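Single-structure report; data block below.
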Amino acid sequence: MMGIPYGRQNITQEDIEAVVQTLTSAFLTQGPKVAEFEEKFAAYIGAKYAVAVTNGTAALHLSAMALNVQKGTRVITTPITFAASANCILYCGGTVEFCDVDAQTGLIDLDKLEKMLDAQPRGYYSGVIPVDFAGYPVNLERVRSLADKHGLWIIEDACHAPGGYFTDSNQVKQNCGNGNFAELAIFSFHPVKHIATGEGGMITTNDETLYRKLLMLRTHGITKDPALLQENHGGWYYEMQALGYNYRISDILCALGISQLQRADEGLARRLEIARKYDAAFASGPVRPLTPVGTASLLENGVKHAHHLYVVLVEHRKQLYDYLKGQDIFAQIHYIPVHTLPYYQNLGYAKGSMPVAERYYERCISLPMYPSLSAEEVDTVIEKVQDFITHV
Ligand SMILES: *Cc1c(COP(=O)(O)O)cnc(C)c1O
């Protein structure tokens, strides 16, 4: 028994066969599985285009490049996210501006965002990177209206939320990452995410120009498309027209991704079941679910939570973490506010500047949440958390 981690992949015999089949095929990379994964993922999300890349961080980096982030470009994001959501701006020489979170959800606070934008002339900020934190979809319709008013682009960091949606003001369900409000959205296929390829990522968009740019940037900025070439010396001829990277994902990993994608909805349903069980167990008491399934804001706003993380808030957070660890239950903390990380501190971001995020961080802890978590394991987690409660 290896204990219970906070998240883990679920690999079936079908997944293994899909990978083995690709290993013996003609293409290990740059073959048909990449395009197939992109098409199927785009269809699942409901976006026009998808570009598969090496990981979620590469997806963020290419997105920032495609939107021309450079020295002097100011981009807003949330401190309650994985560092990569902010780092992608720094990779391109831009400046990260943090906007504090909403205490109820841990998501970027849209009232604060509005105030931040209103305090500056149009053009001061260039873009915003909201994160569907823990699987709770950001209301992108509202972000879009703020972005339009202030001339911003949007990159939706949807790493936690494939399969999640919110309902817009016309009562239309809007899937996370569908590109109806954000210019670009990004996903990760790290093993703790909904769909696992080991390392892997995806960018979705409805914008054909950005899509073409991303394809080129993914492979060194090189194109062979006759329509784009400045000259043409023959069949071998290519041009490097921009400084890109090698962020290509292999066919082996895409075969795994395609196979995993078939079980995405099944996984979501199981995550919801687990969330409901935790919700019921922690309905009252000192361990409080961050966004229980029955929360008014979820139901009234027609929100489908993707349950990537099951976050609870508790005053004796470190003690709970250590206690669970002693019982072989490996909870995790999501996240240490990005602006408080030493690298960001050295850039001059101040502790105390994001009080809601910092207070959230003192109390948050993510309990195990993944589709293959068994009913007995869920019971064990609940029992151990309750043991802890009666002992503090
Ligand atoms: C996982 C994750 C990333 C980065 O994805 P990688 O595939 O690990 O590079 C970025 N943002 C968020 C919110 C994530 O959870």
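Residues are referred to by chain and number: the chain letter is A, B, ... according to the order shown in the structure tokens, the number counts from 1 in that chain, and ligands are numbered separately from 1 in the order shown.
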Considering only C-alpha atoms and all ligand atoms, tabulate each residue of chain A that lies at most 6 Å from ligand 1 along with its nearest interatomic pair and the corresponding distance in Å to one decimal; arrange the rows by chain and ascending residue number and present them as CSV.
```
residue,atom,partner,partner_atom_place_in_ligand_line,distance
A:Asn55,CA,ligand 1,7 (O),3.9
A:Gly56,CA,ligand 1,5 (O),3.4
A:Thr57,CA,ligand 1,9 (O),3.7
A:Thr81,CA,ligand 1,13 (C),5.2
A:Phe82,CA,ligand 1,12 (C),4.9
A:Ala84,CA,ligand 1,10 (C),5.1
A:Ser85,CA,ligand 1,11 (N),5.2
A:Asp157,CA,ligand 1,13 (C),5.9
A:Cys159,CA,ligand 1,14 (C),5.0
A:His160,CA,ligand 1,15 (O),5.8
A:Ser188,CA,ligand 1,7 (O),4.2
A:Phe189,CA,ligand 1,7 (O),5.7
A:His190,CA,ligand 1,7 (O),5.0
A:Glu199,CA,ligand 1,7 (O),5.9
A:Gly200,CA,ligand 1,7 (O),5.7
A:Gly201,CA,ligand 1,7 (O),5.6
```
Neighbouring residues of Ala196 in chain A were defined as those with any atom within 7 Å, considering only C-alpha atoms; residues of the same chain fewer than 3 positions away were excluded. Please report them as a list in words.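 With the cut-off at 7 Å, the set is Gln9, Phe189, His190, Pro191, Lys193, Gly257 and Gln260 of chain A.
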Wanna dump the range 352-376 of chain A-range 318-327 of chain A contacts at 12 Å for me, each residue with its shortest atom pair and the distance in Å to one decimal, counting only C-alpha atoms, ordered by chain and number, as JSON lines?
```
{"residue": "A:Tyr361", "atom": "CA", "partner": "A:Lys318", "partner_atom": "CA", "distance": 11.0}
{"residue": "A:Glu362", "atom": "CA", "partner": "A:Lys318", "partner_atom": "CA", "distance": 8.7}
{"residue": "A:Arg363", "atom": "CA", "partner": "A:Lys318", "partner_atom": "CA", "distance": 8.5}
{"residue": "A:Cys364", "atom": "CA", "partner": "A:Lys318", "partner_atom": "CA", "distance": 9.5}
{"residue": "A:Ile365", "atom": "CA", "partner": "A:Tyr321", "partner_atom": "CA", "distance": 7.4}
{"residue": "A:Ser366", "atom": "CA", "partner": "A:Tyr321", "partner_atom": "CA", "distance": 9.4}
{"residue": "A:Leu367", "atom": "CA", "partner": "A:Tyr321", "partner_atom": "CA", "distance": 9.5}
{"residue": "A:Pro368", "atom": "CA", "partner": "A:Leu324", "partner_atom": "CA", "distance": 10.7}
```
Which residue, A:Lys40, A:Val128, A:Ala103, A:Cys88, has the smallest gap to Val75 in chain A when you use only C-alpha atoms?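 Distance minimum relative to Val75 in chain A lands on A:Val128.
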Would you mind telling me which residue in A:Tyr91, A:His194, A:Gln332, A:Gln174 lies nearest to Gly135 in chain A when using only C-alpha atoms?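 Ranked by minimum distance to Gly135 in chain A, first place goes to A:His194.
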Write out as JSON, numbers by chain the set of residues from range 40-268 of chain A that DSSP, computed on the backbone, places in helix (DSSP H, G or I). {"A": [40, 41, 42, 43, 44, 45, 56, 57, 58, 59, 60, 61, 62, 63, 64, 65, 66, 84, 85, 86, 87, 88, 89, 90, 91, 110, 111, 112, 113, 114, 115, 116, 117, 118, 133, 134, 135, 140, 141, 142, 143, 144, 145, 146, 147, 148, 149, 150, 208, 209, 210, 211, 212, 213, 214, 215, 216, 217, 218, 251, 252, 253, 254, 255, 256, 257, 258, 259, 260, 261, 264, 265, 266, 267, 268]}
Can those selected residues be exported to a file as a short mmCIF file (atom, residue, chain, number, x, y, z; two decimals), in the first residue's frame so that it contains C-alpha atoms?
```
data_model
loop_
_atom_site.label_atom_id
_atom_site.label_comp_id
_atom_site.auth_asym_id
_atom_site.auth_seq_id
_atom_site.Cartn_x
_atom_site.Cartn_y
_atom_site.Cartn_z
CA LYS A 40 -11.06 15.14 -30.65
CA PHE A 41 -10.04 17.45 -27.84
CA ALA A 42 -11.38 20.52 -29.68
CA ALA A 43 -14.67 18.68 -30.25
CA TYR A 44 -14.89 17.67 -26.57
CA ILE A 45 -14.30 21.23 -25.42
CA GLY A 56 0.72 23.18 -19.96
CA THR A 57 3.58 25.57 -19.33
CA ALA A 58 4.61 25.45 -22.99
CA ALA A 59 0.96 26.11 -23.86
CA LEU A 60 1.06 29.24 -21.69
CA HIS A 61 4.40 30.37 -23.12
CA LEU A 62 3.27 29.99 -26.74
CA SER A 63 -0.02 31.72 -25.92
CA ALA A 64 1.80 34.71 -24.44
CA MET A 65 4.09 34.80 -27.49
CA ALA A 66 1.18 34.59 -29.92
CA ALA A 84 3.37 28.84 -14.62
CA SER A 85 0.26 31.03 -15.10
CA ALA A 86 2.42 34.05 -14.21
CA ASN A 87 5.82 32.79 -15.38
CA CYS A 88 4.71 32.74 -19.03
CA ILE A 89 4.54 36.54 -18.94
CA LEU A 90 8.06 36.78 -17.53
CA TYR A 91 9.37 34.39 -20.24
CA LEU A 110 -13.85 40.24 -10.71
CA ASP A 111 -14.97 43.28 -8.69
CA LYS A 112 -11.34 43.94 -7.79
CA LEU A 113 -10.31 43.32 -11.38
CA GLU A 114 -12.83 45.92 -12.54
CA LYS A 115 -11.50 48.45 -10.01
CA MET A 116 -7.93 47.73 -11.04
CA LEU A 117 -8.77 48.29 -14.71
CA ASP A 118 -10.85 51.41 -14.06
CA PHE A 133 -9.16 27.28 -10.01
CA ALA A 134 -9.85 23.79 -8.59
CA GLY A 135 -12.27 23.26 -11.52
CA LEU A 140 -15.66 34.62 -18.66
CA GLU A 141 -18.64 36.54 -20.02
CA ARG A 142 -18.00 39.17 -17.37
CA VAL A 143 -14.23 39.05 -17.91
CA ARG A 144 -14.86 39.55 -21.65
CA SER A 145 -16.96 42.65 -21.09
CA LEU A 146 -14.25 44.12 -18.83
CA ALA A 147 -11.60 43.12 -21.36
CA ASP A 148 -13.50 44.76 -24.23
CA LYS A 149 -13.98 47.95 -22.26
CA HIS A 150 -10.25 48.16 -21.53
CA GLU A 208 -7.75 31.08 -37.06
CA THR A 209 -4.92 33.65 -37.19
CA LEU A 210 -3.77 32.79 -33.67
CA TYR A 211 -4.14 29.10 -34.47
CA ARG A 212 -1.80 29.37 -37.49
CA LYS A 213 0.69 31.40 -35.46
CA LEU A 214 0.70 28.80 -32.67
CA LEU A 215 1.35 25.96 -35.14
CA MET A 216 4.40 27.79 -36.40
CA LEU A 217 5.72 28.81 -32.98
CA ARG A 218 5.37 25.21 -31.74
CA ASP A 251 2.33 10.61 -31.20
CA ILE A 252 2.92 8.14 -28.36
CA LEU A 253 1.57 10.62 -25.82
CA CYS A 254 -1.27 11.73 -28.09
CA ALA A 255 -2.39 8.10 -28.48
CA LEU A 256 -2.61 7.94 -24.68
CA GLY A 257 -4.45 11.26 -24.63
CA ILE A 258 -7.03 10.08 -27.20
CA SER A 259 -7.65 6.95 -25.17
CA GLN A 260 -7.94 8.92 -21.92
CA LEU A 261 -10.30 11.45 -23.48
CA ALA A 264 -13.21 12.06 -19.47
CA ASP A 265 -16.93 12.30 -18.69
CA GLU A 266 -16.85 9.11 -16.66
CA GLY A 267 -14.00 10.60 -14.62
CA LEU A 268 -15.94 13.84 -14.08
#
```
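Picture a line from CA of Thr219 in chain A to CA of Arg248 in chain A; it runs 6.6 Å.
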Selected residue, from A:Ile203, A:Leu290, A:Ala35, A:Val385, that lies nearest to Pro162 in chain A when counting only C-alpha atoms: A:Ile203
Which of range 172-211 of chain A fall in strand (DSSP E), as a list in words: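 Output for range 172-211 of chain A, strand (DSSP E) only: Lys173, Gln174, Asn175, Leu184, Ala185, Ile186, Phe187, Ser188, Gly201, Met202, Ile203, Thr204 and Thr205 of chain A.
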To one decimal place in Å, what is the distance between CA of Val312 in chain A and CA of Arg288 in chain A? 5.2 Å
In Å, rounded to a single decimal, give me how far CA of His220 in chain A is from CA of Thr197 in chain A.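 Computed distance, CA of Thr197 in chain A to CA of His220 in chain A, equals 22.9 Å.
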